[in-house]
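Taking it in order: structure first as structure tokens, then the write-up.
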Protein chains: 2
Amino acid sequence: MEKNQNVSRAVIQRLPRYYRHLSELKEQGEERISSRKLAEMLGLTASQIRQDFNCFGGFGQQGYGYSIDKLCEGLEEILGLKQERTAVLVGAGNLGRALIKNFNFESNGFRLLCAFDSDRMAIGHGMNGITVRDVSELYGYVDQNKPDIAVLTVPADCAPQIARELVAHGIRGLWNFTGQDLHLENLGIPVENVHFSDNLMTLCYQVNQSEQNNM
Amino acid sequence: MEKNQNVSRAVIQRLPRYYRHLSELKEQGEERISSRKLAEMLGLTASQIRQDFNCFGGFGQQGYGYSIDKLCEGLEEILGLKQERTAVLVGAGNLGRALIKNFNFESNGFRLLCAFDSDRMAIGHGMNGITVRDVSELYGYVDQNKPDIAVLTVPADCAPQIARELVAHGIRGLWNFTGQDLHLENLGIPVENVHFSDNLMTLCYQVNQSEQNNM
């Protein structure tokens, strides 16, 4: 797979959406799709999609439509979903438990190894094959098992210190649900900050717009 | 506030991020910011930011930097955060409870009125001033109290039917955490589909990239 090292963040962020929609089409037994049709599904333009795919060498002739199988495989390779990376989860409160119970880490390229919490009521409990351990064992566990990333579902005020310690112990990426932005790019550590509020505000805007359009 | 009706979704999705970062600066006592500085914070270009703001009439002279207060106020107005919209939450499992307990609906333009679940163990319980009611009362409650939006934290397979019913009962927007895309745009109902996986795949890509850069 030919890769362009300078792919913009905007393009990268579209890749999972392509992959998700294409995987659904594949499950439905579809074999080919045109950039126009895919654009319609995603609310983009066909030219945008062709440009995005061209960052990674194209994926075949557009005249015949794209092979969905090839696209899925290509995206899996680009995103690195088949590398069996590993994750630990820190903070087994409601949100942490929701992820342990319901989120499919495997289909997103990760195996969840273990969860950690400081709450005695949570420690020792298992969910979905994942045991919650005492957070005091976290850094020792990371030293020994070398997970690739940590999922942070701790209270916001603990986030910066835990993040720094995890990085010092070799964590290579953070999936941060704490609502507190963590900037570790200067350490070369990618962080995905999840902000539920961004999403809700976007909805708020759209509800207002639809109201105004109906007046 | 001058509004351009044809603002692209990409611009809309950046507005909450602007608002979030500017609110933080405001709390820190900052008064003015240049588009260049804001661009650095957000990983965008200054010209991009000026273009985005121009969709809404500009927000003042760039030579002096933007007034953070004015920007925050303008964004609150554009996003409609001060309109005291109301929400109900459907599905008080782990994720639903995490939102009820920890998510600040008010600072995002919404008042959470009530939660619903089908689990007898959950019904009747209160968290953060919100009572969980029997889901059989949901549509009656919506008829009577006319919440603006519903937060969907139910299992994916229930999502389409509950969404359709809610819309039939007058719900005007959906914040959908079920992982199952809901498309109600043809009904004029905005939906924000939250996909945790998009985020994790983006992180997967970045971890791979940082590994390759270090080789």
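Residues are named by chain letter and number: chains run A, B, ... in the order of the structure tokens, numbers start at 1 in each chain, and ligands are numbered from 1 in the order shown.
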Return as JSON lines the residues of chain B lying at most 9 Å from chain A, together with the closest atom-to-atom pair for each and the distance in Å to one decimal, counting only C-alpha atoms, with rows in chain order and ascending residue number.
{"residue": "B:Gln5", "atom": "CA", "partner": "A:Gln209", "partner_atom": "CA", "distance": 8.4}
{"residue": "B:Ile12", "atom": "CA", "partner": "A:Thr202", "partner_atom": "CA", "distance": 6.6}
{"residue": "B:Gln13", "atom": "CA", "partner": "A:Thr202", "partner_atom": "CA", "distance": 6.1}
{"residue": "B:Arg14", "atom": "CA", "partner": "A:Asp198", "partner_atom": "CA", "distance": 8.4}
{"residue": "B:Leu15", "atom": "CA", "partner": "A:Thr202", "partner_atom": "CA", "distance": 7.9}
{"residue": "B:Pro16", "atom": "CA", "partner": "A:Asp198", "partner_atom": "CA", "distance": 4.9}
{"residue": "B:Arg17", "atom": "CA", "partner": "A:Asp198", "partner_atom": "CA", "distance": 6.4}
{"residue": "B:Arg20", "atom": "CA", "partner": "A:Asp198", "partner_atom": "CA", "distance": 8.1}
{"residue": "B:Ile78", "atom": "CA", "partner": "A:Tyr205", "partner_atom": "CA", "distance": 7.0}
{"residue": "B:Leu79", "atom": "CA", "partner": "A:Tyr205", "partner_atom": "CA", "distance": 4.5}
{"residue": "B:Gly80", "atom": "CA", "partner": "A:Tyr205", "partner_atom": "CA", "distance": 6.0}
{"residue": "B:Leu81", "atom": "CA", "partner": "A:Cys204", "partner_atom": "CA", "distance": 7.1}
{"residue": "B:Arg85", "atom": "CA", "partner": "A:Cys204", "partner_atom": "CA", "distance": 8.3}
{"residue": "B:Gly93", "atom": "CA", "partner": "A:Ala98", "partner_atom": "CA", "distance": 7.8}
{"residue": "B:Asn94", "atom": "CA", "partner": "A:Asn94", "partner_atom": "CA", "distance": 4.8}
{"residue": "B:Leu95", "atom": "CA", "partner": "A:Ala98", "partner_atom": "CA", "distance": 5.2}
{"residue": "B:Gly96", "atom": "CA", "partner": "A:Asn94", "partner_atom": "CA", "distance": 8.4}
{"residue": "B:Arg97", "atom": "CA", "partner": "A:Asn94", "partner_atom": "CA", "distance": 6.4}
{"residue": "B:Ala98", "atom": "CA", "partner": "A:Asn94", "partner_atom": "CA", "distance": 5.0}
{"residue": "B:Leu99", "atom": "CA", "partner": "A:Leu95", "partner_atom": "CA", "distance": 8.1}
{"residue": "B:Lys101", "atom": "CA", "partner": "A:Asn94", "partner_atom": "CA", "distance": 8.9}
{"residue": "B:Phe103", "atom": "CA", "partner": "A:Phe196", "partner_atom": "CA", "distance": 8.2}
{"residue": "B:Asn104", "atom": "CA", "partner": "A:Ser197", "partner_atom": "CA", "distance": 8.3}
{"residue": "B:Phe105", "atom": "CA", "partner": "A:Ser197", "partner_atom": "CA", "distance": 8.2}
{"residue": "B:Ser107", "atom": "CA", "partner": "A:Ser197", "partner_atom": "CA", "distance": 8.7}
{"residue": "B:Asn108", "atom": "CA", "partner": "A:Met201", "partner_atom": "CA", "distance": 6.0}
{"residue": "B:Gly109", "atom": "CA", "partner": "A:Cys204", "partner_atom": "CA", "distance": 7.1}
{"residue": "B:Phe110", "atom": "CA", "partner": "A:Cys204", "partner_atom": "CA", "distance": 8.3}
{"residue": "B:Asp148", "atom": "CA", "partner": "A:Val207", "partner_atom": "CA", "distance": 8.1}
{"residue": "B:Ile149", "atom": "CA", "partner": "A:Val207", "partner_atom": "CA", "distance": 8.5}
{"residue": "B:Arg172", "atom": "CA", "partner": "A:Val207", "partner_atom": "CA", "distance": 6.6}
{"residue": "B:Gly173", "atom": "CA", "partner": "A:Val207", "partner_atom": "CA", "distance": 6.2}
{"residue": "B:Leu174", "atom": "CA", "partner": "A:Leu203", "partner_atom": "CA", "distance": 7.7}
{"residue": "B:Trp175", "atom": "CA", "partner": "A:Leu200", "partner_atom": "CA", "distance": 6.9}
{"residue": "B:Gly188", "atom": "CA", "partner": "A:Ser210", "partner_atom": "CA", "distance": 7.0}
{"residue": "B:Ile189", "atom": "CA", "partner": "A:Ser210", "partner_atom": "CA", "distance": 7.7}
{"residue": "B:Pro190", "atom": "CA", "partner": "A:Gln206", "partner_atom": "CA", "distance": 6.1}
{"residue": "B:Val191", "atom": "CA", "partner": "A:Leu203", "partner_atom": "CA", "distance": 6.9}
{"residue": "B:Glu192", "atom": "CA", "partner": "A:Leu203", "partner_atom": "CA", "distance": 6.0}
{"residue": "B:Asn193", "atom": "CA", "partner": "A:Asn199", "partner_atom": "CA", "distance": 8.4}
{"residue": "B:Val194", "atom": "CA", "partner": "A:Asn199", "partner_atom": "CA", "distance": 7.6}
{"residue": "B:His195", "atom": "CA", "partner": "A:Arg17", "partner_atom": "CA", "distance": 9.0}
{"residue": "B:Phe196", "atom": "CA", "partner": "A:Phe103", "partner_atom": "CA", "distance": 8.2}
{"residue": "B:Ser197", "atom": "CA", "partner": "A:Asn108", "partner_atom": "CA", "distance": 6.3}
{"residue": "B:Asp198", "atom": "CA", "partner": "A:Pro16", "partner_atom": "CA", "distance": 4.9}
{"residue": "B:Asn199", "atom": "CA", "partner": "A:Glu192", "partner_atom": "CA", "distance": 6.6}
{"residue": "B:Leu200", "atom": "CA", "partner": "A:Asn108", "partner_atom": "CA", "distance": 6.8}
{"residue": "B:Met201", "atom": "CA", "partner": "A:Asn108", "partner_atom": "CA", "distance": 5.9}
{"residue": "B:Thr202", "atom": "CA", "partner": "A:Gln13", "partner_atom": "CA", "distance": 6.1}
{"residue": "B:Leu203", "atom": "CA", "partner": "A:Glu192", "partner_atom": "CA", "distance": 6.0}
{"residue": "B:Cys204", "atom": "CA", "partner": "A:Leu79", "partner_atom": "CA", "distance": 6.2}
{"residue": "B:Tyr205", "atom": "CA", "partner": "A:Leu79", "partner_atom": "CA", "distance": 4.5}
{"residue": "B:Gln206", "atom": "CA", "partner": "A:Pro190", "partner_atom": "CA", "distance": 6.1}
{"residue": "B:Val207", "atom": "CA", "partner": "A:Gly173", "partner_atom": "CA", "distance": 6.2}
{"residue": "B:Asn208", "atom": "CA", "partner": "A:Gly80", "partner_atom": "CA", "distance": 6.6}
{"residue": "B:Gln209", "atom": "CA", "partner": "A:Gln5", "partner_atom": "CA", "distance": 8.4}
{"residue": "B:Ser210", "atom": "CA", "partner": "A:Gly188", "partner_atom": "CA", "distance": 6.9}
{"residue": "B:Glu211", "atom": "CA", "partner": "A:Arg172", "partner_atom": "CA", "distance": 8.8}
With C-alpha atoms kept, could you save the residues just selected as a PDB file, in the first residue's frame?
ATOM      1  CA  GLN B   5     -28.075  29.629   5.891  1.00  0.00           C
ATOM      2  CA  ILE B  12     -20.731  23.726  12.131  1.00  0.00           C
ATOM      3  CA  GLN B  13     -18.729  20.898  13.637  1.00  0.00           C
ATOM      4  CA  ARG B  14     -15.840  23.249  14.353  1.00  0.00           C
ATOM      5  CA  LEU B  15     -18.015  25.758  16.236  1.00  0.00           C
ATOM      6  CA  PRO B  16     -18.274  23.686  19.453  1.00  0.00           C
ATOM      7  CA  ARG B  17     -14.513  23.274  19.450  1.00  0.00           C
ATOM      8  CA  ARG B  20     -14.905  25.052  24.192  1.00  0.00           C
ATOM      9  CA  ILE B  78     -25.238  30.789  16.834  1.00  0.00           C
ATOM     10  CA  LEU B  79     -25.271  27.398  18.533  1.00  0.00           C
ATOM     11  CA  GLY B  80     -28.438  28.316  20.455  1.00  0.00           C
ATOM     12  CA  LEU B  81     -26.976  27.396  23.820  1.00  0.00           C
ATOM     13  CA  ARG B  85     -33.874  23.334  25.393  1.00  0.00           C
ATOM     14  CA  GLY B  93     -27.694   1.421  31.533  1.00  0.00           C
ATOM     15  CA  ASN B  94     -24.030   2.130  32.211  1.00  0.00           C
ATOM     16  CA  LEU B  95     -23.640   4.663  29.432  1.00  0.00           C
ATOM     17  CA  GLY B  96     -26.934   6.382  30.224  1.00  0.00           C
ATOM     18  CA  ARG B  97     -26.008   6.590  33.894  1.00  0.00           C
ATOM     19  CA  ALA B  98     -22.563   7.931  33.036  1.00  0.00           C
ATOM     20  CA  LEU B  99     -24.210  10.778  31.122  1.00  0.00           C
ATOM     21  CA  LYS B 101     -24.151  11.558  36.551  1.00  0.00           C
ATOM     22  CA  PHE B 103     -22.310  15.111  31.724  1.00  0.00           C
ATOM     23  CA  ASN B 104     -23.105  18.780  32.071  1.00  0.00           C
ATOM     24  CA  PHE B 105     -26.207  19.120  29.905  1.00  0.00           C
ATOM     25  CA  SER B 107     -23.601  24.106  29.802  1.00  0.00           C
ATOM     26  CA  ASN B 108     -24.410  22.578  26.425  1.00  0.00           C
ATOM     27  CA  GLY B 109     -27.803  24.219  26.041  1.00  0.00           C
ATOM     28  CA  PHE B 110     -30.041  21.469  27.450  1.00  0.00           C
ATOM     29  CA  ASP B 148     -36.792  18.988  22.320  1.00  0.00           C
ATOM     30  CA  ILE B 149     -34.445  16.052  22.005  1.00  0.00           C
ATOM     31  CA  ARG B 172     -37.096  17.283  17.246  1.00  0.00           C
ATOM     32  CA  GLY B 173     -33.590  15.896  17.482  1.00  0.00           C
ATOM     33  CA  LEU B 174     -31.749  12.738  18.516  1.00  0.00           C
ATOM     34  CA  TRP B 175     -28.401  12.277  20.199  1.00  0.00           C
ATOM     35  CA  GLY B 188     -36.357  16.931   8.900  1.00  0.00           C
ATOM     36  CA  ILE B 189     -35.105  15.536  12.219  1.00  0.00           C
ATOM     37  CA  PRO B 190     -31.423  16.129  12.940  1.00  0.00           C
ATOM     38  CA  VAL B 191     -29.530  13.215  14.429  1.00  0.00           C
ATOM     39  CA  GLU B 192     -26.061  13.240  15.927  1.00  0.00           C
ATOM     40  CA  ASN B 193     -24.742   9.718  15.698  1.00  0.00           C
ATOM     41  CA  VAL B 194     -21.925   9.091  18.174  1.00  0.00           C
ATOM     42  CA  HIS B 195     -19.443   6.513  16.963  1.00  0.00           C
ATOM     43  CA  PHE B 196     -16.808   5.667  19.516  1.00  0.00           C
ATOM     44  CA  SER B 197     -15.179   3.403  16.963  1.00  0.00           C
ATOM     45  CA  ASP B 198     -14.367   6.264  14.565  1.00  0.00           C
ATOM     46  CA  ASN B 199     -12.345   7.801  17.297  1.00  0.00           C
ATOM     47  CA  LEU B 200     -10.493   4.643  18.258  1.00  0.00           C
ATOM     48  CA  MET B 201      -9.637   3.828  14.633  1.00  0.00           C
ATOM     49  CA  THR B 202      -8.195   7.306  14.212  1.00  0.00           C
ATOM     50  CA  LEU B 203      -6.042   6.628  17.265  1.00  0.00           C
ATOM     51  CA  CYS B 204      -5.012   3.271  15.834  1.00  0.00           C
ATOM     52  CA  TYR B 205      -3.826   5.010  12.664  1.00  0.00           C
ATOM     53  CA  GLN B 206      -1.876   7.586  14.635  1.00  0.00           C
ATOM     54  CA  VAL B 207      -0.181   4.971  16.817  1.00  0.00           C
ATOM     55  CA  ASN B 208       0.908   3.141  13.672  1.00  0.00           C
ATOM     56  CA  GLN B 209       2.183   6.341  12.124  1.00  0.00           C
ATOM     57  CA  SER B 210       4.171   7.330  15.205  1.00  0.00           C
ATOM     58  CA  GLU B 211       5.721   3.835  15.234  1.00  0.00           C
TER      59      GLU B 211
END
With DSSP run on the backbone, what are the strand (DSSP E or B) residues within region 28-207 of chain B? I'd like them as JSON, numbers by chain. {"B": [32, 33, 66, 67, 85, 86, 87, 88, 89, 90, 110, 111, 112, 113, 114, 115, 116, 117, 126, 127, 130, 131, 132, 133, 134, 149, 150, 151, 152, 173, 174, 175, 176, 191, 192, 193]}
Mind dumping the selected residues with N, CA, C and O atoms as a short mmCIF file (atom, residue, chain, number, x, y, z; two decimals), in the first residue's frame?
data_model
loop_
_atom_site.label_atom_id
_atom_site.label_comp_id
_atom_site.auth_asym_id
_atom_site.auth_seq_id
_atom_site.Cartn_x
_atom_site.Cartn_y
_atom_site.Cartn_z
N ARG B 32 -8.42 38.86 24.78
CA ARG B 32 -8.37 38.91 23.32
C ARG B 32 -7.52 37.76 22.79
O ARG B 32 -6.61 37.27 23.47
N ILE B 33 -7.82 37.39 21.55
CA ILE B 33 -6.99 36.34 20.92
C ILE B 33 -6.93 36.59 19.42
O ILE B 33 -7.91 37.04 18.81
N TYR B 66 -9.45 39.05 18.25
CA TYR B 66 -10.87 38.95 18.57
C TYR B 66 -11.08 39.14 20.07
O TYR B 66 -10.25 38.72 20.87
N SER B 67 -12.21 39.76 20.42
CA SER B 67 -12.60 39.80 21.84
C SER B 67 -13.16 38.43 22.19
O SER B 67 -14.11 37.93 21.57
N ARG B 85 -33.18 24.47 25.98
CA ARG B 85 -33.87 23.33 25.39
C ARG B 85 -33.90 22.18 26.40
O ARG B 85 -33.15 22.18 27.36
N THR B 86 -34.79 21.23 26.13
CA THR B 86 -34.96 20.14 27.09
C THR B 86 -34.70 18.79 26.43
O THR B 86 -34.84 18.63 25.21
N ALA B 87 -34.32 17.84 27.27
CA ALA B 87 -33.96 16.51 26.77
C ALA B 87 -34.51 15.43 27.69
O ALA B 87 -34.66 15.63 28.89
N VAL B 88 -34.82 14.28 27.11
CA VAL B 88 -35.04 13.06 27.90
C VAL B 88 -34.00 12.04 27.48
O VAL B 88 -33.49 12.09 26.35
N LEU B 89 -33.67 11.14 28.39
CA LEU B 89 -32.69 10.11 28.10
C LEU B 89 -33.38 8.75 28.11
O LEU B 89 -34.12 8.44 29.04
N VAL B 90 -33.16 7.98 27.06
CA VAL B 90 -33.80 6.67 26.97
C VAL B 90 -32.72 5.59 27.04
O VAL B 90 -31.88 5.48 26.14
N PHE B 110 -28.90 22.36 27.21
CA PHE B 110 -30.04 21.47 27.45
C PHE B 110 -30.28 21.26 28.94
O PHE B 110 -29.35 21.21 29.73
N ARG B 111 -31.55 21.10 29.28
CA ARG B 111 -31.90 20.66 30.62
C ARG B 111 -32.42 19.23 30.49
O ARG B 111 -33.33 18.98 29.71
N LEU B 112 -31.79 18.31 31.21
CA LEU B 112 -32.24 16.92 31.18
C LEU B 112 -33.44 16.80 32.11
O LEU B 112 -33.34 17.13 33.30
N LEU B 113 -34.57 16.34 31.59
CA LEU B 113 -35.80 16.31 32.37
C LEU B 113 -35.97 15.00 33.11
O LEU B 113 -36.43 14.95 34.24
N CYS B 114 -35.61 13.90 32.47
CA CYS B 114 -36.07 12.61 32.94
C CYS B 114 -35.34 11.51 32.17
O CYS B 114 -34.88 11.73 31.05
N ALA B 115 -35.25 10.32 32.79
CA ALA B 115 -34.65 9.18 32.09
C ALA B 115 -35.64 8.01 32.10
O ALA B 115 -36.54 7.96 32.95
N PHE B 116 -35.48 7.11 31.16
CA PHE B 116 -36.39 5.97 31.02
C PHE B 116 -35.60 4.69 30.82
O PHE B 116 -34.56 4.69 30.17
N ASP B 117 -36.13 3.62 31.39
CA ASP B 117 -35.51 2.32 31.19
C ASP B 117 -36.57 1.23 31.33
O ASP B 117 -37.65 1.47 31.89
N GLY B 126 -33.05 7.51 41.45
CA GLY B 126 -32.69 8.87 41.10
C GLY B 126 -31.18 9.05 41.10
O GLY B 126 -30.48 8.40 41.86
N MET B 127 -30.70 9.87 40.18
CA MET B 127 -29.27 10.21 40.12
C MET B 127 -29.18 11.65 39.70
O MET B 127 -29.80 12.03 38.68
N ILE B 130 -32.27 13.31 38.67
CA ILE B 130 -33.02 12.74 37.54
C ILE B 130 -33.56 11.37 37.95
O ILE B 130 -32.80 10.50 38.37
N THR B 131 -34.87 11.19 37.80
CA THR B 131 -35.47 9.91 38.14
C THR B 131 -35.59 9.04 36.90
O THR B 131 -35.90 9.53 35.82
N VAL B 132 -35.33 7.75 37.09
CA VAL B 132 -35.51 6.79 35.98
C VAL B 132 -36.95 6.28 36.03
O VAL B 132 -37.38 5.72 37.03
N ARG B 133 -37.69 6.48 34.95
CA ARG B 133 -39.08 6.01 34.88
C ARG B 133 -39.20 4.78 33.97
O ARG B 133 -38.31 4.51 33.16
N ASP B 134 -40.33 4.15 34.08
CA ASP B 134 -40.61 2.98 33.24
C ASP B 134 -40.75 3.44 31.78
O ASP B 134 -41.46 4.40 31.49
N ILE B 149 -35.24 17.17 22.55
CA ILE B 149 -34.44 16.05 22.01
C ILE B 149 -34.50 14.84 22.93
O ILE B 149 -34.87 14.94 24.09
N ALA B 150 -34.12 13.69 22.36
CA ALA B 150 -33.94 12.49 23.16
C ALA B 150 -32.50 12.00 23.01
O ALA B 150 -31.92 12.06 21.92
N VAL B 151 -31.95 11.56 24.13
CA VAL B 151 -30.63 10.94 24.15
C VAL B 151 -30.87 9.44 24.11
O VAL B 151 -31.54 8.90 24.99
N LEU B 152 -30.37 8.78 23.08
CA LEU B 152 -30.61 7.34 22.93
C LEU B 152 -29.41 6.54 23.40
O LEU B 152 -28.37 6.51 22.74
N GLY B 173 -34.99 16.21 17.73
CA GLY B 173 -33.59 15.90 17.48
C GLY B 173 -33.18 14.69 18.29
O GLY B 173 -33.77 14.42 19.35
N LEU B 174 -32.20 13.94 17.80
CA LEU B 174 -31.75 12.74 18.52
C LEU B 174 -30.24 12.75 18.69
O LEU B 174 -29.50 13.03 17.75
N TRP B 175 -29.82 12.46 19.91
CA TRP B 175 -28.40 12.28 20.20
C TRP B 175 -28.22 10.78 20.39
O TRP B 175 -28.62 10.22 21.41
N ASN B 176 -27.67 10.15 19.39
CA ASN B 176 -27.73 8.71 19.26
C ASN B 176 -26.41 8.02 19.58
O ASN B 176 -25.46 8.09 18.81
N VAL B 191 -30.04 14.29 13.56
CA VAL B 191 -29.53 13.22 14.43
C VAL B 191 -28.03 13.37 14.55
O VAL B 191 -27.34 13.57 13.54
N GLU B 192 -27.51 13.33 15.75
CA GLU B 192 -26.06 13.24 15.93
C GLU B 192 -25.73 11.82 16.35
O GLU B 192 -26.07 11.38 17.45
N ASN B 193 -25.14 11.09 15.42
CA ASN B 193 -24.74 9.72 15.70
C ASN B 193 -23.35 9.70 16.32
O ASN B 193 -22.41 10.21 15.71
#
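Residue nearest Gly60 (chain B) within the list B:Ser35, B:Glu185, B:Ser8, B:Ala46: B:Ser35 [criterion: smallest interatomic distance, only C-alpha atoms].
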Taking the chain letters and numbering used in this document, name the residues of region 101-164 of chain B that DSSP puts in helix (DSSP H, G or I), as number ranges by chain. B: 101-102, 106-108, 135-145, 156-164
Record the distance separating CA of Phe177 (chain A) and CA of Val154 (chain A), expressed in Å with one decimal. 7.8 Å
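CA of Phe56 (chain A) is positioned 15.9 Å from CA of Gln212 (chain B).
As for CA of Ala39 (chain B) and CA of Lys82 (chain B), they are spaced 26.0 Å apart.
Restricting the calculation to only C-alpha atoms, the smallest distance between Leu25 (chain A) and any of A:Glu106, A:Asp69, A:Asp52, A:Glu165 is found for A:Asp69.
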